[in-house]
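Undergrad: Just so it is clear, I am handing over structure31.tsv, which has TSV, N, CA and C atoms.
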```
chain	number	residue	atom	x	y	z
A	1	MET	N	129.86	103.12	80.64
A	1	MET	CA	129.56	103.09	79.22
A	1	MET	C	129.10	101.69	78.84
A	2	LEU	N	128.02	101.61	78.10
A	2	LEU	CA	127.48	100.32	77.67
A	2	LEU	C	128.18	99.88	76.40
A	3	ASP	N	128.32	98.55	76.24
A	3	ASP	CA	128.88	98.10	74.97
A	3	ASP	C	127.80	98.25	73.89
A	4	THR	N	128.22	98.28	72.65
A	4	THR	CA	127.33	98.62	71.53
A	4	THR	C	126.19	97.63	71.39
A	5	ASP	N	126.47	96.34	71.52
A	5	ASP	CA	125.42	95.33	71.36
A	5	ASP	C	124.35	95.47	72.44
A	6	LEU	N	124.79	95.67	73.68
A	6	LEU	CA	123.85	95.82	74.78
A	6	LEU	C	123.03	97.09	74.61
A	7	GLU	N	123.68	98.16	74.20
A	7	GLU	CA	122.97	99.43	73.98
A	7	GLU	C	121.92	99.27	72.89
A	8	ASP	N	122.28	98.61	71.78
A	8	ASP	CA	121.31	98.40	70.70
A	8	ASP	C	120.13	97.55	71.17
A	9	GLN	N	120.42	96.55	71.97
A	9	GLN	CA	119.37	95.69	72.50
A	9	GLN	C	118.41	96.49	73.40
A	10	LEU	N	118.97	97.34	74.24
A	10	LEU	CA	118.15	98.17	75.12
A	10	LEU	C	117.31	99.17	74.33
A	11	ILE	N	117.91	99.77	73.30
A	11	ILE	CA	117.20	100.75	72.47
A	11	ILE	C	116.01	100.08	71.77
A	12	LEU	N	116.23	98.88	71.24
A	12	LEU	CA	115.14	98.16	70.59
A	12	LEU	C	114.05	97.78	71.59
A	13	LYS	N	114.44	97.37	72.77
A	13	LYS	CA	113.49	96.93	73.80
A	13	LYS	C	112.62	98.09	74.28
A	14	VAL	N	113.23	99.26	74.47
A	14	VAL	CA	112.52	100.42	75.02
A	14	VAL	C	111.81	101.20	73.92
A	15	GLY	N	112.38	101.25	72.73
A	15	GLY	CA	111.72	101.96	71.63
A	15	GLY	C	112.41	103.23	71.20
A	16	GLY	N	113.68	103.39	71.50
A	16	GLY	CA	114.41	104.56	71.04
A	16	GLY	C	115.41	105.05	72.08
A	17	LYS	N	116.39	105.81	71.59
A	17	LYS	CA	117.44	106.32	72.47
A	17	LYS	C	116.90	107.29	73.52
A	18	LEU	N	116.01	108.19	73.10
A	18	LEU	CA	115.47	109.16	74.04
A	18	LEU	C	114.62	108.49	75.11
A	19	ARG	N	113.84	107.50	74.70
A	19	ARG	CA	113.03	106.77	75.69
A	19	ARG	C	113.92	106.00	76.65
A	20	LEU	N	115.00	105.41	76.13
A	20	LEU	CA	115.94	104.68	76.98
A	20	LEU	C	116.59	105.63	77.98
A	21	THR	N	117.04	106.77	77.50
A	21	THR	CA	117.68	107.76	78.37
A	21	THR	C	116.72	108.22	79.46
A	22	SER	N	115.49	108.51	79.08
A	22	SER	CA	114.49	108.97	80.04
A	22	SER	C	114.20	107.90	81.08
A	23	LEU	N	114.01	106.67	80.64
A	23	LEU	CA	113.72	105.57	81.56
A	23	LEU	C	114.87	105.34	82.52
A	24	MET	N	116.10	105.33	82.01
A	24	MET	CA	117.26	105.10	82.87
A	24	MET	C	117.42	106.23	83.88
A	25	GLN	N	117.23	107.47	83.43
A	25	GLN	CA	117.39	108.61	84.33
A	25	GLN	C	116.35	108.57	85.43
A	26	LYS	N	115.10	108.30	85.09
A	26	LYS	CA	114.04	108.27	86.09
A	26	LYS	C	114.27	107.15	87.09
A	27	ARG	N	114.68	105.99	86.61
A	27	ARG	CA	114.90	104.86	87.53
A	27	ARG	C	116.12	105.10	88.41
A	28	LEU	N	117.18	105.70	87.86
A	28	LEU	CA	118.35	106.01	88.68
A	28	LEU	C	117.99	106.97	89.81
A	29	VAL	N	117.16	107.95	89.53
A	29	VAL	CA	116.72	108.88	90.57
A	29	VAL	C	115.96	108.12	91.65
A	30	GLU	N	115.07	107.21	91.24
A	30	GLU	CA	114.32	106.43	92.22
A	30	GLU	C	115.25	105.61	93.09
A	31	LEU	N	116.22	104.96	92.48
A	31	LEU	CA	117.16	104.12	93.24
A	31	LEU	C	118.00	104.96	94.20
A	32	LYS	N	118.44	106.13	93.74
A	32	LYS	CA	119.24	106.99	94.62
A	32	LYS	C	118.42	107.52	95.78
A	33	ARG	N	117.11	107.63	95.60
A	33	ARG	CA	116.24	108.10	96.67
A	33	ARG	C	115.84	106.98	97.63
A	34	GLY	N	116.31	105.76	97.36
A	34	GLY	CA	116.07	104.68	98.30
A	34	GLY	C	115.18	103.56	97.83
A	35	ALA	N	114.74	103.58	96.58
A	35	ALA	CA	113.91	102.49	96.07
A	35	ALA	C	114.75	101.21	96.02
A	36	ARG	N	114.09	100.10	96.20
A	36	ARG	CA	114.79	98.81	96.17
A	36	ARG	C	114.95	98.34	94.73
A	37	PRO	N	116.08	97.73	94.42
A	37	PRO	CA	116.26	97.15	93.08
A	37	PRO	C	115.27	96.01	92.87
A	38	LEU	N	114.79	95.85	91.66
A	38	LEU	CA	113.83	94.81	91.32
A	38	LEU	C	114.49	93.53	90.83
A	39	VAL	N	115.82	93.55	90.73
A	39	VAL	CA	116.58	92.38	90.28
A	39	VAL	C	117.73	92.11	91.23
A	40	ASP	N	118.23	90.88	91.21
A	40	ASP	CA	119.42	90.53	91.98
A	40	ASP	C	120.64	90.68	91.08
A	41	VAL	N	121.61	91.46	91.53
A	41	VAL	CA	122.86	91.65	90.79
A	41	VAL	C	124.03	91.44	91.74
A	42	ASP	N	125.21	91.23	91.17
A	42	ASP	CA	126.40	90.99	91.98
A	42	ASP	C	126.74	92.20	92.84
A	43	ASN	N	126.67	93.38	92.26
A	43	ASN	CA	127.02	94.60	92.98
A	43	ASN	C	125.82	95.56	92.98
A	44	PRO	N	125.00	95.54	94.04
A	44	PRO	CA	123.82	96.41	94.06
A	44	PRO	C	124.16	97.90	94.12
A	45	LYS	N	125.42	98.24	94.41
A	45	LYS	CA	125.83	99.65	94.44
A	45	LYS	C	126.07	100.20	93.02
A	46	ASP	N	126.21	99.30	92.05
A	46	ASP	CA	126.41	99.70	90.64
A	46	ASP	C	125.03	99.96	90.04
A	47	LEU	N	124.48	101.15	90.32
A	47	LEU	CA	123.10	101.47	89.95
A	47	LEU	C	122.83	101.41	88.44
A	48	PRO	N	123.73	101.90	87.57
A	48	PRO	CA	123.43	101.78	86.14
A	48	PRO	C	123.27	100.32	85.70
A	49	ASN	N	124.06	99.42	86.27
A	49	ASN	CA	123.92	98.01	85.93
A	49	ASN	C	122.59	97.46	86.44
A	50	VAL	N	122.16	97.90	87.60
A	50	VAL	CA	120.87	97.48	88.14
A	50	VAL	C	119.76	97.91	87.18
A	51	VAL	N	119.80	99.14	86.71
A	51	VAL	CA	118.77	99.65	85.80
A	51	VAL	C	118.79	98.87	84.49
A	52	VAL	N	119.95	98.60	83.95
A	52	VAL	CA	120.06	97.85	82.71
A	52	VAL	C	119.43	96.47	82.88
A	53	GLN	N	119.74	95.79	83.98
A	53	GLN	CA	119.18	94.47	84.22
A	53	GLN	C	117.66	94.52	84.41
A	54	GLU	N	117.18	95.56	85.06
A	54	GLU	CA	115.73	95.71	85.23
A	54	GLU	C	115.04	95.88	83.88
A	55	ILE	N	115.66	96.62	82.98
A	55	ILE	CA	115.09	96.80	81.63
A	55	ILE	C	115.13	95.49	80.87
A	56	LEU	N	116.26	94.81	80.90
A	56	LEU	CA	116.40	93.56	80.16
A	56	LEU	C	115.43	92.49	80.65
A	57	GLN	N	115.12	92.50	81.94
A	57	GLN	CA	114.22	91.49	82.51
A	57	GLN	C	112.76	91.97	82.54
A	58	ASP	N	112.48	93.06	81.83
A	58	ASP	CA	111.13	93.62	81.74
A	58	ASP	C	110.50	93.94	83.09
A	59	LYS	N	111.31	94.40	84.01
A	59	LYS	CA	110.81	94.78	85.33
A	59	LYS	C	110.33	96.23	85.36
A	60	ILE	N	110.87	97.07	84.46
A	60	ILE	CA	110.47	98.47	84.39
A	60	ILE	C	110.20	98.86	82.95
A	61	GLU	N	109.36	99.86	82.77
A	61	GLU	CA	109.10	100.44	81.45
A	61	GLU	C	108.54	101.83	81.64
A	62	LEU	N	108.60	102.63	80.59
A	62	LEU	CA	108.05	103.97	80.64
A	62	LEU	C	106.53	103.91	80.61
A	63	ALA	N	105.91	104.73	81.41
A	63	ALA	CA	104.45	104.82	81.40
A	63	ALA	C	104.04	105.51	80.10
A	64	PRO	N	102.91	105.12	79.54
A	64	PRO	CA	102.46	105.79	78.31
A	64	PRO	C	102.12	107.24	78.58
A	65	ARG	N	102.40	108.08	77.60
A	65	ARG	CA	102.08	109.51	77.73
A	65	ARG	C	100.58	109.69	77.67
A	66	SER	N	100.08	110.56	78.52
A	66	SER	CA	98.65	110.85	78.49
A	66	SER	C	98.41	112.06	77.59
A	67	GLU	N	97.25	112.08	77.00
A	67	GLU	CA	96.89	113.20	76.14
A	67	GLU	C	96.52	114.39	77.03
A	68	CYS	N	96.96	115.58	76.64
A	68	CYS	CA	96.63	116.77	77.42
A	68	CYS	C	95.45	117.50	76.79
A	69	ASP	N	94.86	118.35	77.58
A	69	ASP	CA	93.73	119.16	77.15
A	69	ASP	C	94.16	120.06	75.99
A	70	PRO	N	93.37	120.17	74.93
A	70	PRO	CA	93.77	121.01	73.80
A	70	PRO	C	93.96	122.48	74.17
A	71	ASN	N	93.32	122.95	75.21
A	71	ASN	CA	93.43	124.35	75.62
A	71	ASN	C	94.54	124.55	76.65
A	72	PHE	N	95.37	123.56	76.85
A	72	PHE	CA	96.41	123.61	77.87
A	72	PHE	C	97.34	124.81	77.69
A	73	MET	N	97.82	125.05	76.48
A	73	MET	CA	98.77	126.14	76.26
A	73	MET	C	98.13	127.50	76.51
A	74	GLN	N	96.89	127.69	76.10
A	74	GLN	CA	96.21	128.96	76.36
A	74	GLN	C	96.05	129.19	77.85
A	75	ASP	N	95.65	128.15	78.57
A	75	ASP	CA	95.45	128.29	80.01
A	75	ASP	C	96.77	128.50	80.74
A	76	SER	N	97.85	127.89	80.26
A	76	SER	CA	99.13	128.02	80.95
A	76	SER	C	99.78	129.38	80.71
A	77	ARG	N	99.44	130.06	79.64
A	77	ARG	CA	100.03	131.36	79.34
A	77	ARG	C	99.36	132.49	80.10
A	78	ARG	N	98.15	132.27	80.57
A	78	ARG	CA	97.40	133.37	81.16
A	78	ARG	C	96.61	132.87	82.36
A	79	LEU	N	96.69	133.61	83.44
A	79	LEU	CA	95.87	133.36	84.63
A	79	LEU	C	95.01	134.58	84.87
A	80	LYS	N	93.91	134.40	85.55
A	80	LYS	CA	93.03	135.52	85.86
A	80	LYS	C	93.07	135.77	87.36
A	81	LYS	N	92.98	137.02	87.74
A	81	LYS	CA	92.82	137.37	89.14
A	81	LYS	C	91.95	138.63	89.19
A	82	VAL	N	91.32	138.82	90.31
A	82	VAL	CA	90.45	139.97	90.48
A	82	VAL	C	91.23	141.06	91.20
A	83	ASP	N	91.23	142.27	90.64
A	83	ASP	CA	91.93	143.38	91.29
A	83	ASP	C	91.03	144.04	92.33
A	84	GLU	N	91.48	145.16	92.91
A	84	GLU	CA	90.75	145.84	93.98
A	84	GLU	C	89.37	146.32	93.52
A	85	LYS	N	89.24	146.64	92.27
A	85	LYS	CA	87.98	147.16	91.75
A	85	LYS	C	86.99	146.04	91.42
A	86	GLY	N	87.41	144.80	91.58
A	86	GLY	CA	86.54	143.68	91.27
A	86	GLY	C	86.58	143.27	89.81
A	87	GLU	N	87.52	143.83	89.05
A	87	GLU	CA	87.64	143.49	87.63
A	87	GLU	C	88.68	142.39	87.45
A	88	ASP	N	88.44	141.58	86.43
A	88	ASP	CA	89.42	140.54	86.10
A	88	ASP	C	90.69	141.17	85.58
A	89	LYS	N	91.81	140.63	86.00
A	89	LYS	CA	93.11	141.15	85.57
A	89	LYS	C	93.97	139.96	85.16
A	90	GLU	N	94.60	140.06	84.02
A	90	GLU	CA	95.48	138.98	83.58
A	90	GLU	C	96.81	139.08	84.29
A	91	ILE	N	97.38	137.92	84.57
A	91	ILE	CA	98.66	137.87	85.28
A	91	ILE	C	99.72	137.36	84.33
A	92	TYR	N	100.81	138.10	84.21
A	92	TYR	CA	101.91	137.72	83.35
A	92	TYR	C	103.23	137.96	84.08
A	93	GLY	N	104.30	137.41	83.55
A	93	GLY	CA	105.66	137.73	83.95
A	93	GLY	C	105.97	137.63	85.42
A	94	SER	N	106.45	138.74	86.02
A	94	SER	CA	106.94	138.73	87.39
A	94	SER	C	105.82	138.41	88.39
A	95	ASP	N	104.58	138.84	88.11
A	95	ASP	CA	103.47	138.50	89.00
A	95	ASP	C	103.28	136.99	89.04
A	96	LEU	N	103.33	136.37	87.88
A	96	LEU	CA	103.18	134.93	87.79
A	96	LEU	C	104.32	134.23	88.53
A	97	LYS	N	105.52	134.75	88.40
A	97	LYS	CA	106.67	134.18	89.09
A	97	LYS	C	106.49	134.29	90.60
A	98	ARG	N	106.02	135.41	91.07
A	98	ARG	CA	105.81	135.62	92.50
A	98	ARG	C	104.74	134.66	93.03
A	99	ILE	N	103.68	134.47	92.28
A	99	ILE	CA	102.62	133.54	92.68
A	99	ILE	C	103.17	132.11	92.76
A	100	LYS	N	103.94	131.72	91.76
A	100	LYS	CA	104.53	130.38	91.76
A	100	LYS	C	105.45	130.18	92.96
A	101	GLU	N	106.27	131.18	93.27
A	101	GLU	CA	107.18	131.08	94.41
A	101	GLU	C	106.40	130.95	95.71
A	102	ALA	N	105.30	131.69	95.85
A	102	ALA	CA	104.48	131.61	97.06
A	102	ALA	C	103.86	130.22	97.19
A	103	ARG	N	103.39	129.66	96.09
A	103	ARG	CA	102.80	128.32	96.12
A	103	ARG	C	103.86	127.27	96.45
A	104	ILE	N	105.06	127.44	95.94
A	104	ILE	CA	106.14	126.50	96.25
A	104	ILE	C	106.48	126.55	97.73
A	105	LYS	N	106.52	127.76	98.31
A	105	LYS	CA	106.78	127.89	99.75
A	105	LYS	C	105.68	127.22	100.56
A	106	GLU	N	104.42	127.41	100.16
A	106	GLU	CA	103.30	126.78	100.87
A	106	GLU	C	103.41	125.25	100.80
A	107	LEU	N	103.73	124.73	99.63
A	107	LEU	CA	103.86	123.29	99.46
A	107	LEU	C	105.03	122.77	100.26
A	108	SER	N	106.13	123.48	100.26
A	108	SER	CA	107.30	123.08	101.03
A	108	SER	C	106.98	123.04	102.51
A	109	ALA	N	106.27	124.05	103.01
A	109	ALA	CA	105.90	124.07	104.42
A	109	ALA	C	104.96	122.93	104.75
A	110	PHE	N	104.08	122.58	103.82
A	110	PHE	CA	103.16	121.47	104.05
A	110	PHE	C	103.88	120.14	104.07
A	111	LEU	N	104.81	119.93	103.13
A	111	LEU	CA	105.54	118.66	103.03
A	111	LEU	C	106.62	118.50	104.08
A	112	ASN	N	107.18	119.61	104.55
A	112	ASN	CA	108.25	119.57	105.55
A	112	ASN	C	107.86	120.42	106.76
A	113	PRO	N	106.90	119.92	107.56
A	113	PRO	CA	106.45	120.73	108.69
A	113	PRO	C	107.56	120.89	109.73
A	114	THR	N	107.58	122.06	110.35
A	114	THR	CA	108.55	122.30	111.41
A	114	THR	C	107.87	122.09	112.76
A	115	LYS	N	108.63	122.12	113.83
A	115	LYS	CA	108.07	121.92	115.18
A	115	LYS	C	107.15	123.07	115.56
A	116	ASP	N	107.34	124.25	114.97
A	116	ASP	CA	106.53	125.42	115.28
A	116	ASP	C	105.11	125.27	114.76
A	117	SER	N	104.94	124.50	113.65
A	117	SER	CA	103.62	124.37	113.02
A	117	SER	C	102.72	123.44	113.80
```
Could I get this file's structure written as structure tokens?
TA:
Amino acid sequence: MLDTDLEDQLILKVGGKLRLTSLMQKRLVELKRGARPLVDVDNPKDLPNVVVQEILQDKIELAPRSECDPNFMQDSRRLKKVDEKGEDKEIYGSDLKRIKEARIKELSAFLNPTKDS
């Protein structure tokens, strides 16, 4: 738990509680996955303290949000596929879920190749 003064200082530096939470969470995940700390601290195993010091020393910050395509929501709600008759068919619900699962399996196999491949 952060003391109130330090928390207020971090919130002002980052630009809000939600931005601070997001930044800390993302950096903690990076550190737990093996990223090196960008600051020297007494106890490098105390990851929340490492993140706080990195923020205070301006070593990390949230990347600016990019603008998305205005048609993003329309495109994300509906996909097209061609059926046996050669006609376009919209994909919704369980079909979409099955397609996503197949793509995830393909990506997983690509990223984690086995000796058989």
Undergrad: Atom CA of A:Gln9 and atom CA of A:Asp58, how far apart in Å?
TA: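 A separation of 12.6 Å between them.
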Undergrad: Mind pulling up the distance from atom N of A:Val14 to atom C of A:Glu54?
TA: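 Atom-to-atom, atom C of A:Glu54 and atom N of A:Val14 are spaced 10.2 Å apart.
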Undergrad: Write out as number ranges by chain the residues lying within 10 Å of stretch 18-29 of chain A, counting only C-alpha atoms and excluding same-chain residues fewer than 4 positions away.
TA: A: 7, 10-14, 33-35, 37, 47-48, 50-52, 54-55, 60-63
